[in-house]
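Asks: Attaching a single structure in structure tokens format; questions to follow.
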Amino acid sequence: MPITPTKKIWMDGEFVDWDDATVHVLSHTLHYGMGAFEGIRAYKTPNGVAIFRLKDHMERLLRSCRILMMDVPYSLKELCETAKELVRVNELHDGCYLRPIVYLGYGEIGVNPIGAPVQTAIAAWPWGAYLGEHAEKGVRMKISSWSRHHPNAMPTASKTIGGYVNASLAKVEAVKAGYDEAIMLGPDGRVSECTGENLFIVKDGVILSPPPSEAGALRGITQASIVKIAADLGYVVSFEAMRRDDLYLADEAFLTGTAAEVVPISSVDDRLVGDGNPGPITTEIKTTYHQAIRGERPQYEEWLARV
Ligand code: PPE
């Protein structure tokens, strides 16, 4: 997806011009993939632009770095304030996507990362529909031949940069085969997540999602928001391990992520989910989520960080 440049990117304490936000080709992370990132969205609301669950995202970034033993030289508060300032500096009044990243810079080479400088940056730019405009009507999913990482091979609770090689391989495989997105199974054959989203199914009126830790999936902030919204709407929601059969037999299915938001799944491995159209529960949840992120649901106001 092409990037729409904005004015400034924050790098290690300074707002630098977009074109000057570069790193050395011998930066450690470029070679070995050590580091973590986040994806956050900000939306236009009736009271100005607000960043959705900013603190939760920055907390997850710090948790990711803790797992990787990378000491981030900024506090949670500093990261949150900087993200807001970046949206203001770039005048992104209609909302945007924010990409904080913690990586190892230039100075050390060799697998041992100890001693390489820990660097921090946040960029922001307008980003449209992650899975394309047609995603509204439902996306076609393929179960990947690539397994999600075993947590002893790659810590799956950390949004680790290098971990996305696995995701990219699955994405390319699915797209080249004519699908929109991949569903990944864990090493135990159970459903884990998608390449950049968590997954939900609806069966007999109950809403189910794989338990992030056991499934080796990222603990999605959108996933958590959907669990809360669905419960508030009166649905039974449960984290439950699932097999591919459960996907084939689901009444409804949808995926959730910051970039993707809430997207109905129309088929899995060419088997229609329901009749292939977005189901009523999916639609209700999606509508409520869209209202919540845009400040149209006062009960979820605490999720919004005004810029
Ligand atoms: N699983 C994975 C593997 C993942 O990358 C994401 C976010 C999620 C689940 C959903 O997490 P959350 O955003 O907290 O609900 N993927 C980010 C990066 C996408 C990209 O292509 O880059 C995102 O949605 O921002």
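Each chain in the structure tokens gets a letter, A, B, ..., in the order shown, and its residues are numbered from 1; ligands are numbered from 1 in order too.
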Residues up to 6 Å from ligand 1, counting only C-alpha atoms and all ligand atoms: could you list those as a list of chain:residue names?
Replies: A:Gly39, A:Ile40, A:Thr195, A:Gly196, A:Glu197, A:Asn198, A:Leu218, A:Gly220, A:Ile221, A:Thr222, A:Gln223, A:Thr256, A:Gly257, A:Thr258, A:Ala259, A:Ala260
Asks: With N, CA, C and O atoms retained, could you export that selection as a PDB file, in the first residue's frame?
Replies:
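Saved result, part-v1.pdb, follows:
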```
ATOM      1  N   GLY A  39       0.425  -0.048  15.796  1.00  0.00           N
ATOM      2  CA  GLY A  39      -0.432   0.589  14.797  1.00  0.00           C
ATOM      3  C   GLY A  39      -1.607   1.163  15.562  1.00  0.00           C
ATOM      4  O   GLY A  39      -2.258   0.439  16.321  1.00  0.00           O
ATOM      5  N   ILE A  40      -1.834   2.444  15.399  1.00  0.00           N
ATOM      6  CA  ILE A  40      -2.880   3.140  16.172  1.00  0.00           C
ATOM      7  C   ILE A  40      -3.662   3.996  15.177  1.00  0.00           C
ATOM      8  O   ILE A  40      -3.081   4.523  14.228  1.00  0.00           O
ATOM      9  N   THR A 195      -2.995 -12.310   9.308  1.00  0.00           N
ATOM     10  CA  THR A 195      -1.632 -11.765   9.209  1.00  0.00           C
ATOM     11  C   THR A 195      -1.506 -10.426   9.934  1.00  0.00           C
ATOM     12  O   THR A 195      -0.429 -10.068  10.378  1.00  0.00           O
ATOM     13  N   GLY A 196      -2.620  -9.703  10.062  1.00  0.00           N
ATOM     14  CA  GLY A 196      -2.575  -8.434  10.784  1.00  0.00           C
ATOM     15  C   GLY A 196      -3.880  -8.154  11.504  1.00  0.00           C
ATOM     16  O   GLY A 196      -4.232  -7.003  11.737  1.00  0.00           O
ATOM     17  N   GLU A 197      -4.607  -9.214  11.842  1.00  0.00           N
ATOM     18  CA  GLU A 197      -5.902  -9.059  12.513  1.00  0.00           C
ATOM     19  C   GLU A 197      -6.174 -10.280  13.383  1.00  0.00           C
ATOM     20  O   GLU A 197      -5.689 -11.368  13.103  1.00  0.00           O
ATOM     21  N   ASN A 198      -7.020 -10.080  14.384  1.00  0.00           N
ATOM     22  CA  ASN A 198      -7.583 -11.205  15.135  1.00  0.00           C
ATOM     23  C   ASN A 198      -8.872 -11.646  14.441  1.00  0.00           C
ATOM     24  O   ASN A 198      -9.356 -10.959  13.545  1.00  0.00           O
ATOM     25  N   LEU A 218      -1.580 -12.208  18.698  1.00  0.00           N
ATOM     26  CA  LEU A 218      -1.397 -10.929  19.366  1.00  0.00           C
ATOM     27  C   LEU A 218      -2.666 -10.621  20.163  1.00  0.00           C
ATOM     28  O   LEU A 218      -3.770 -10.895  19.706  1.00  0.00           O
ATOM     29  N   GLY A 220      -5.129  -8.473  20.711  1.00  0.00           N
ATOM     30  CA  GLY A 220      -5.582  -7.309  19.948  1.00  0.00           C
ATOM     31  C   GLY A 220      -6.360  -6.317  20.786  1.00  0.00           C
ATOM     32  O   GLY A 220      -7.209  -6.703  21.594  1.00  0.00           O
ATOM     33  N   ILE A 221      -6.080  -5.069  20.574  1.00  0.00           N
ATOM     34  CA  ILE A 221      -6.804  -4.015  21.286  1.00  0.00           C
ATOM     35  C   ILE A 221      -8.192  -3.847  20.664  1.00  0.00           C
ATOM     36  O   ILE A 221      -9.170  -3.604  21.365  1.00  0.00           O
ATOM     37  N   THR A 222      -8.291  -4.049  19.368  1.00  0.00           N
ATOM     38  CA  THR A 222      -9.616  -4.049  18.726  1.00  0.00           C
ATOM     39  C   THR A 222     -10.404  -5.261  19.205  1.00  0.00           C
ATOM     40  O   THR A 222     -11.597  -5.157  19.514  1.00  0.00           O
ATOM     41  N   GLN A 223      -9.720  -6.398  19.284  1.00  0.00           N
ATOM     42  CA  GLN A 223     -10.369  -7.622  19.780  1.00  0.00           C
ATOM     43  C   GLN A 223     -10.970  -7.376  21.173  1.00  0.00           C
ATOM     44  O   GLN A 223     -12.137  -7.695  21.421  1.00  0.00           O
ATOM     45  N   THR A 256     -10.710  -8.449  13.119  1.00  0.00           N
ATOM     46  CA  THR A 256     -10.588  -7.154  13.787  1.00  0.00           C
ATOM     47  C   THR A 256      -9.127  -6.730  13.908  1.00  0.00           C
ATOM     48  O   THR A 256      -8.249  -7.536  14.197  1.00  0.00           O
ATOM     49  N   GLY A 257      -8.879  -5.466  13.678  1.00  0.00           N
ATOM     50  CA  GLY A 257      -7.536  -4.926  13.855  1.00  0.00           C
ATOM     51  C   GLY A 257      -7.593  -3.415  13.733  1.00  0.00           C
ATOM     52  O   GLY A 257      -8.577  -2.880  13.197  1.00  0.00           O
ATOM     53  N   THR A 258      -6.581  -2.757  14.208  1.00  0.00           N
ATOM     54  CA  THR A 258      -6.563  -1.299  14.132  1.00  0.00           C
ATOM     55  C   THR A 258      -6.651  -0.827  12.690  1.00  0.00           C
ATOM     56  O   THR A 258      -7.485   0.002  12.346  1.00  0.00           O
ATOM     57  N   ALA A 259      -5.788  -1.365  11.840  1.00  0.00           N
ATOM     58  CA  ALA A 259      -5.768  -0.931  10.446  1.00  0.00           C
ATOM     59  C   ALA A 259      -7.032  -1.400   9.733  1.00  0.00           C
ATOM     60  O   ALA A 259      -7.699  -0.626   9.043  1.00  0.00           O
ATOM     61  N   ALA A 260      -7.401  -2.655   9.915  1.00  0.00           N
ATOM     62  CA  ALA A 260      -8.554  -3.235   9.201  1.00  0.00           C
ATOM     63  C   ALA A 260      -9.894  -2.812   9.799  1.00  0.00           C
ATOM     64  O   ALA A 260     -10.903  -2.806   9.117  1.00  0.00           O
TER      65      ALA A 260
END
```
Asks: At a cut-off of 12 Å, using only C-alpha atoms, what residues contact Glu240 of chain A? Leave out same-chain residues fewer than 6 positions from it and give the result as a list in words.
Replies: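 Returned residues: Arg190, Val191, Ser192, Leu199, Phe200, Ile201, Val202, Lys203, Val206, Ile207, Leu208, Ser209, Pro210, Pro211, Pro212, Ser213, Glu214, Ala215 and Asp246 of chain A.
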Asks: Identify which of the residues A:Glu133, A:Asp251, A:Glu85, A:Glu301 lies closest to Ile9 of chain A, counting only C-alpha atoms when measuring atom-to-atom distances.
Replies: A:Glu85
Asks: So that I can see what lies close to Gly216 of chain A, please list as a PyMOL selection string the residues with an atom at most 12 Å from it, counting only C-alpha atoms and leaving out residues fewer than 3 positions away in the same chain.
Replies: chain A and resi 147-159+163+184-194+198+210-213+219-220+241
Asks: Run DSSP on the backbone of this structure and report the residues of segment 49-223 of chain A it assigns to strand (DSSP E or B), as an NGL selection string.
Replies: :A and (49-52 or 95-104 or 118-125 or 139-143 or 160 or 181-185 or 191-194 or 198-203 or 206-209)
Asks: Go ahead and write the residues just picked, N, CA and C atoms, as a short mmCIF file (atom, residue, chain, number, x, y, z; two decimals), in the first residue's frame.
Replies:
```
data_model
loop_
_atom_site.label_atom_id
_atom_site.label_comp_id
_atom_site.auth_asym_id
_atom_site.auth_seq_id
_atom_site.Cartn_x
_atom_site.Cartn_y
_atom_site.Cartn_z
N VAL A 49 -10.20 15.73 16.74
CA VAL A 49 -9.59 14.42 16.46
C VAL A 49 -9.18 13.74 17.78
N ALA A 50 -9.41 12.42 17.83
CA ALA A 50 -9.09 11.65 19.04
C ALA A 50 -8.35 10.37 18.63
N ILE A 51 -7.35 10.01 19.44
CA ILE A 51 -6.60 8.78 19.18
C ILE A 51 -7.26 7.66 19.97
N PHE A 52 -7.55 6.57 19.26
CA PHE A 52 -8.29 5.46 19.87
C PHE A 52 -7.36 4.58 20.71
N GLY A 95 -8.16 12.65 11.08
CA GLY A 95 -7.73 11.36 11.58
C GLY A 95 -6.55 10.83 10.80
N CYS A 96 -5.98 9.74 11.25
CA CYS A 96 -4.78 9.19 10.62
C CYS A 96 -4.44 7.84 11.24
N TYR A 97 -3.41 7.25 10.73
CA TYR A 97 -2.83 6.04 11.31
C TYR A 97 -1.50 6.44 11.93
N LEU A 98 -1.20 5.93 13.09
CA LEU A 98 0.09 6.25 13.73
C LEU A 98 0.93 4.99 13.84
N ARG A 99 2.20 5.12 13.57
CA ARG A 99 3.10 3.97 13.61
C ARG A 99 4.30 4.25 14.51
N PRO A 100 4.18 3.94 15.80
CA PRO A 100 5.35 4.00 16.67
C PRO A 100 6.24 2.78 16.41
N ILE A 101 7.52 2.97 16.47
CA ILE A 101 8.46 1.86 16.26
C ILE A 101 9.67 2.04 17.18
N VAL A 102 10.08 0.93 17.79
CA VAL A 102 11.30 0.94 18.60
C VAL A 102 12.25 -0.04 17.92
N TYR A 103 13.44 0.42 17.57
CA TYR A 103 14.35 -0.41 16.80
C TYR A 103 15.78 -0.18 17.26
N LEU A 104 16.68 -1.02 16.75
CA LEU A 104 18.09 -0.87 17.10
C LEU A 104 18.80 -0.18 15.95
N VAL A 118 19.07 1.85 21.21
CA VAL A 118 17.62 1.69 21.08
C VAL A 118 17.05 3.02 20.60
N GLN A 119 16.40 3.00 19.46
CA GLN A 119 15.84 4.22 18.88
C GLN A 119 14.33 4.13 18.79
N THR A 120 13.70 5.29 18.84
CA THR A 120 12.24 5.34 18.89
C THR A 120 11.75 6.37 17.88
N ALA A 121 10.74 6.00 17.14
CA ALA A 121 10.15 6.95 16.19
C ALA A 121 8.64 6.78 16.17
N ILE A 122 7.95 7.82 15.78
CA ILE A 122 6.50 7.74 15.53
C ILE A 122 6.22 8.51 14.24
N ALA A 123 5.53 7.85 13.34
CA ALA A 123 5.10 8.50 12.10
C ALA A 123 3.57 8.49 12.08
N ALA A 124 2.99 9.37 11.29
CA ALA A 124 1.53 9.42 11.17
C ALA A 124 1.18 9.83 9.75
N TRP A 125 0.18 9.19 9.20
CA TRP A 125 -0.26 9.52 7.84
C TRP A 125 -1.70 9.06 7.66
N VAL A 139 -14.61 -10.36 3.11
CA VAL A 139 -13.35 -10.75 2.48
C VAL A 139 -13.24 -12.27 2.37
N ARG A 140 -12.48 -12.67 1.35
CA ARG A 140 -12.27 -14.10 1.10
C ARG A 140 -10.95 -14.52 1.78
N MET A 141 -11.07 -15.50 2.65
CA MET A 141 -9.92 -15.91 3.46
C MET A 141 -9.40 -17.28 3.03
N LYS A 142 -8.10 -17.45 3.19
CA LYS A 142 -7.52 -18.76 2.92
C LYS A 142 -6.69 -19.18 4.12
N ILE A 143 -6.85 -20.40 4.53
CA ILE A 143 -6.00 -20.90 5.62
C ILE A 143 -4.60 -21.11 5.05
N THR A 160 6.58 -8.02 17.49
CA THR A 160 7.99 -7.99 17.09
C THR A 160 8.14 -7.77 15.59
N GLU A 181 -7.00 -12.35 2.27
CA GLU A 181 -6.22 -12.41 3.51
C GLU A 181 -6.09 -13.86 3.95
N ALA A 182 -5.07 -14.12 4.79
CA ALA A 182 -4.80 -15.47 5.27
C ALA A 182 -5.25 -15.64 6.72
N ILE A 183 -5.66 -16.85 7.04
CA ILE A 183 -5.89 -17.24 8.44
C ILE A 183 -4.75 -18.19 8.78
N MET A 184 -4.12 -17.96 9.91
CA MET A 184 -3.00 -18.79 10.27
C MET A 184 -3.36 -19.72 11.43
N LEU A 185 -2.91 -20.95 11.31
CA LEU A 185 -3.09 -21.92 12.40
C LEU A 185 -1.79 -21.93 13.21
N VAL A 191 -6.71 -22.64 15.33
CA VAL A 191 -6.79 -21.33 14.69
C VAL A 191 -6.09 -20.30 15.56
N SER A 192 -5.23 -19.51 14.95
CA SER A 192 -4.51 -18.49 15.71
C SER A 192 -5.07 -17.10 15.40
N GLU A 193 -4.70 -16.55 14.26
CA GLU A 193 -5.15 -15.20 13.90
C GLU A 193 -4.87 -15.00 12.41
N CYS A 194 -5.04 -13.78 11.94
CA CYS A 194 -4.76 -13.48 10.53
C CYS A 194 -3.40 -12.78 10.48
N ASN A 198 -7.02 -10.08 14.38
CA ASN A 198 -7.58 -11.20 15.14
C ASN A 198 -8.87 -11.65 14.44
N LEU A 199 -9.38 -12.78 14.89
CA LEU A 199 -10.51 -13.37 14.20
C LEU A 199 -11.62 -13.75 15.19
N PHE A 200 -12.85 -13.56 14.76
CA PHE A 200 -14.02 -13.96 15.55
C PHE A 200 -14.93 -14.80 14.68
N ILE A 201 -15.67 -15.73 15.32
CA ILE A 201 -16.78 -16.38 14.62
C ILE A 201 -18.04 -16.23 15.48
N VAL A 202 -19.18 -16.38 14.82
CA VAL A 202 -20.46 -16.41 15.54
C VAL A 202 -21.08 -17.77 15.25
N LYS A 203 -21.43 -18.48 16.32
CA LYS A 203 -22.08 -19.79 16.17
C LYS A 203 -23.25 -19.87 17.13
N VAL A 206 -23.59 -17.17 19.70
CA VAL A 206 -22.47 -16.93 20.62
C VAL A 206 -21.26 -16.44 19.82
N ILE A 207 -20.53 -15.47 20.40
CA ILE A 207 -19.38 -14.88 19.70
C ILE A 207 -18.10 -15.47 20.28
N LEU A 208 -17.27 -16.01 19.42
CA LEU A 208 -16.07 -16.72 19.88
C LEU A 208 -14.82 -16.18 19.20
N SER A 209 -13.71 -16.14 19.96
CA SER A 209 -12.42 -15.76 19.40
C SER A 209 -11.35 -16.64 20.04
#
```
Asks: Skipping near chain neighbours, those fewer than 5 positions away, what residues fall within 9 Å of Val273 of chain A using only C-alpha atoms, listed as a short mmCIF file (atom, residue, chain, number, x, y, z; two decimals) with all heavy atoms, in the first residue's frame?
Replies:
```cif
data_model
loop_
_atom_site.label_atom_id
_atom_site.label_comp_id
_atom_site.auth_asym_id
_atom_site.auth_seq_id
_atom_site.Cartn_x
_atom_site.Cartn_y
_atom_site.Cartn_z
N LEU A 247 -14.41 -22.86 11.57
CA LEU A 247 -14.52 -21.74 10.64
C LEU A 247 -15.49 -22.10 9.50
O LEU A 247 -16.32 -21.29 9.08
CB LEU A 247 -13.15 -21.38 10.05
CG LEU A 247 -12.04 -21.05 11.06
CD1 LEU A 247 -10.75 -20.76 10.32
CD2 LEU A 247 -12.44 -19.87 11.93
N TYR A 248 -15.35 -23.33 9.01
CA TYR A 248 -16.20 -23.76 7.89
C TYR A 248 -17.68 -23.82 8.30
O TYR A 248 -18.56 -23.72 7.46
CB TYR A 248 -15.78 -25.15 7.38
CG TYR A 248 -14.35 -25.23 6.83
CD1 TYR A 248 -13.67 -26.45 6.83
CD2 TYR A 248 -13.71 -24.11 6.30
CE1 TYR A 248 -12.37 -26.55 6.33
CE2 TYR A 248 -12.41 -24.21 5.81
CZ TYR A 248 -11.74 -25.43 5.83
OH TYR A 248 -10.48 -25.52 5.33
N LEU A 249 -17.92 -24.05 9.59
CA LEU A 249 -19.30 -24.23 10.06
C LEU A 249 -19.87 -22.99 10.75
O LEU A 249 -20.98 -23.02 11.27
CB LEU A 249 -19.37 -25.43 11.01
CG LEU A 249 -19.01 -26.78 10.37
CD1 LEU A 249 -19.03 -27.89 11.42
CD2 LEU A 249 -19.94 -27.13 9.22
N ALA A 250 -19.11 -21.90 10.77
CA ALA A 250 -19.56 -20.69 11.47
C ALA A 250 -20.77 -20.08 10.79
O ALA A 250 -20.91 -20.15 9.56
CB ALA A 250 -18.42 -19.68 11.52
N ASP A 251 -21.64 -19.46 11.57
CA ASP A 251 -22.78 -18.74 10.99
C ASP A 251 -22.33 -17.39 10.45
O ASP A 251 -22.84 -16.90 9.46
CB ASP A 251 -23.86 -18.50 12.07
CG ASP A 251 -24.37 -19.80 12.66
OD1 ASP A 251 -24.42 -20.81 11.91
OD2 ASP A 251 -24.72 -19.83 13.85
N GLU A 252 -21.38 -16.79 11.18
CA GLU A 252 -20.81 -15.50 10.76
C GLU A 252 -19.34 -15.52 11.17
O GLU A 252 -18.95 -16.28 12.06
CB GLU A 252 -21.49 -14.32 11.49
CG GLU A 252 -22.98 -14.21 11.26
CD GLU A 252 -23.57 -12.98 11.97
OE1 GLU A 252 -22.85 -11.98 12.14
OE2 GLU A 252 -24.75 -13.05 12.35
N ALA A 253 -18.56 -14.69 10.53
CA ALA A 253 -17.16 -14.55 10.94
C ALA A 253 -16.70 -13.15 10.57
O ALA A 253 -17.19 -12.56 9.61
CB ALA A 253 -16.30 -15.60 10.26
N ILE A 265 -16.16 -11.61 7.13
CA ILE A 265 -15.52 -12.65 6.31
C ILE A 265 -16.63 -13.32 5.49
O ILE A 265 -17.63 -13.78 6.05
CB ILE A 265 -14.80 -13.68 7.22
CG1 ILE A 265 -13.62 -13.01 7.94
CG2 ILE A 265 -14.34 -14.89 6.41
CD1 ILE A 265 -12.93 -13.89 8.97
N SER A 266 -16.44 -13.35 4.18
CA SER A 266 -17.49 -13.92 3.33
C SER A 266 -17.25 -15.41 3.07
O SER A 266 -18.20 -16.17 2.89
CB SER A 266 -17.62 -13.15 2.02
OG SER A 266 -16.40 -13.13 1.35
N SER A 267 -15.97 -15.82 3.02
CA SER A 267 -15.71 -17.25 2.82
C SER A 267 -14.36 -17.63 3.42
O SER A 267 -13.47 -16.79 3.57
CB SER A 267 -15.75 -17.61 1.34
OG SER A 267 -14.66 -17.01 0.65
N VAL A 268 -14.24 -18.90 3.75
CA VAL A 268 -12.97 -19.47 4.23
C VAL A 268 -12.67 -20.68 3.35
O VAL A 268 -13.49 -21.61 3.28
CB VAL A 268 -13.06 -19.89 5.71
CG1 VAL A 268 -11.74 -20.50 6.16
CG2 VAL A 268 -13.44 -18.71 6.60
N PRO A 278 -22.41 -10.21 4.94
CA PRO A 278 -22.19 -9.88 6.34
C PRO A 278 -23.42 -10.22 7.18
O PRO A 278 -24.54 -9.87 6.81
CB PRO A 278 -21.96 -8.36 6.31
CG PRO A 278 -21.52 -8.06 4.91
CD PRO A 278 -22.19 -9.07 4.04
N GLY A 279 -23.22 -10.94 8.26
CA GLY A 279 -24.34 -11.37 9.11
C GLY A 279 -24.83 -10.26 10.02
O GLY A 279 -24.16 -9.24 10.19
#
```
Asks: Quote the spacing between atom CA of Thr82 of chain A and atom CA of Val25 of chain A in Å to one decimal place.
Replies: 26.2 Å
Asks: Please measure the separation of atom CA of Lys171 of chain A and atom CA of Gly35 of chain A, giving the value in Å to one decimal.
Replies: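 One can read the atom CA of Lys171 of chain A to atom CA of Gly35 of chain A distance as 20.9 Å.
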Asks: Could you give me, as number ranges by chain, the residues within 12 Å of Gly48 of chain A, counting only C-alpha atoms and dropping anything in the same chain fewer than 3 positions from it?
Replies: A: 42-45, 51, 87-88, 91-95, 294-295, 304-307
Asks: How would you write, as a VMD selection string, the set of residues in segment 7-208 of chain A that DSSP gives as helix (DSSP H, G or I)?
Replies: chain A and resid 18 to 20 28 to 32 54 to 67 76 to 89 133 to 137 161 to 176
Asks: My list of candidates is A:Lys7, A:His57, A:Lys286, A:Arg63. Which is closest to Leu86 of chain A when distances are computed with only C-alpha atoms?
Replies: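 Nearest to Leu86 of chain A: A:Lys7.
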Asks: Can you work out which one of A:Cys65, A:Trp127, A:Cys80, A:Ser27 has the shortest atom-to-atom distance to Pro5 of chain A, counting only C-alpha atoms?
Replies: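 Using only C-alpha atoms, Pro5 of chain A sits closest to A:Trp127.
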Asks: Give me, please, the distance in Å between atom CA of Val172 of chain A and atom CA of Met1 of chain A, quoted to one decimal.
Replies: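 Between atom CA of Val172 of chain A and atom CA of Met1 of chain A the gap is 13.3 Å.
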Asks: Select, from A:Ser144, A:Phe254, A:Trp10, A:Leu30, the residue with the minimum atom-to-atom distance to Gly276 of chain A, counting only C-alpha atoms.
Replies: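 Nearest candidate to Gly276 of chain A out of A:Ser144, A:Phe254, A:Trp10, A:Leu30: A:Phe254.
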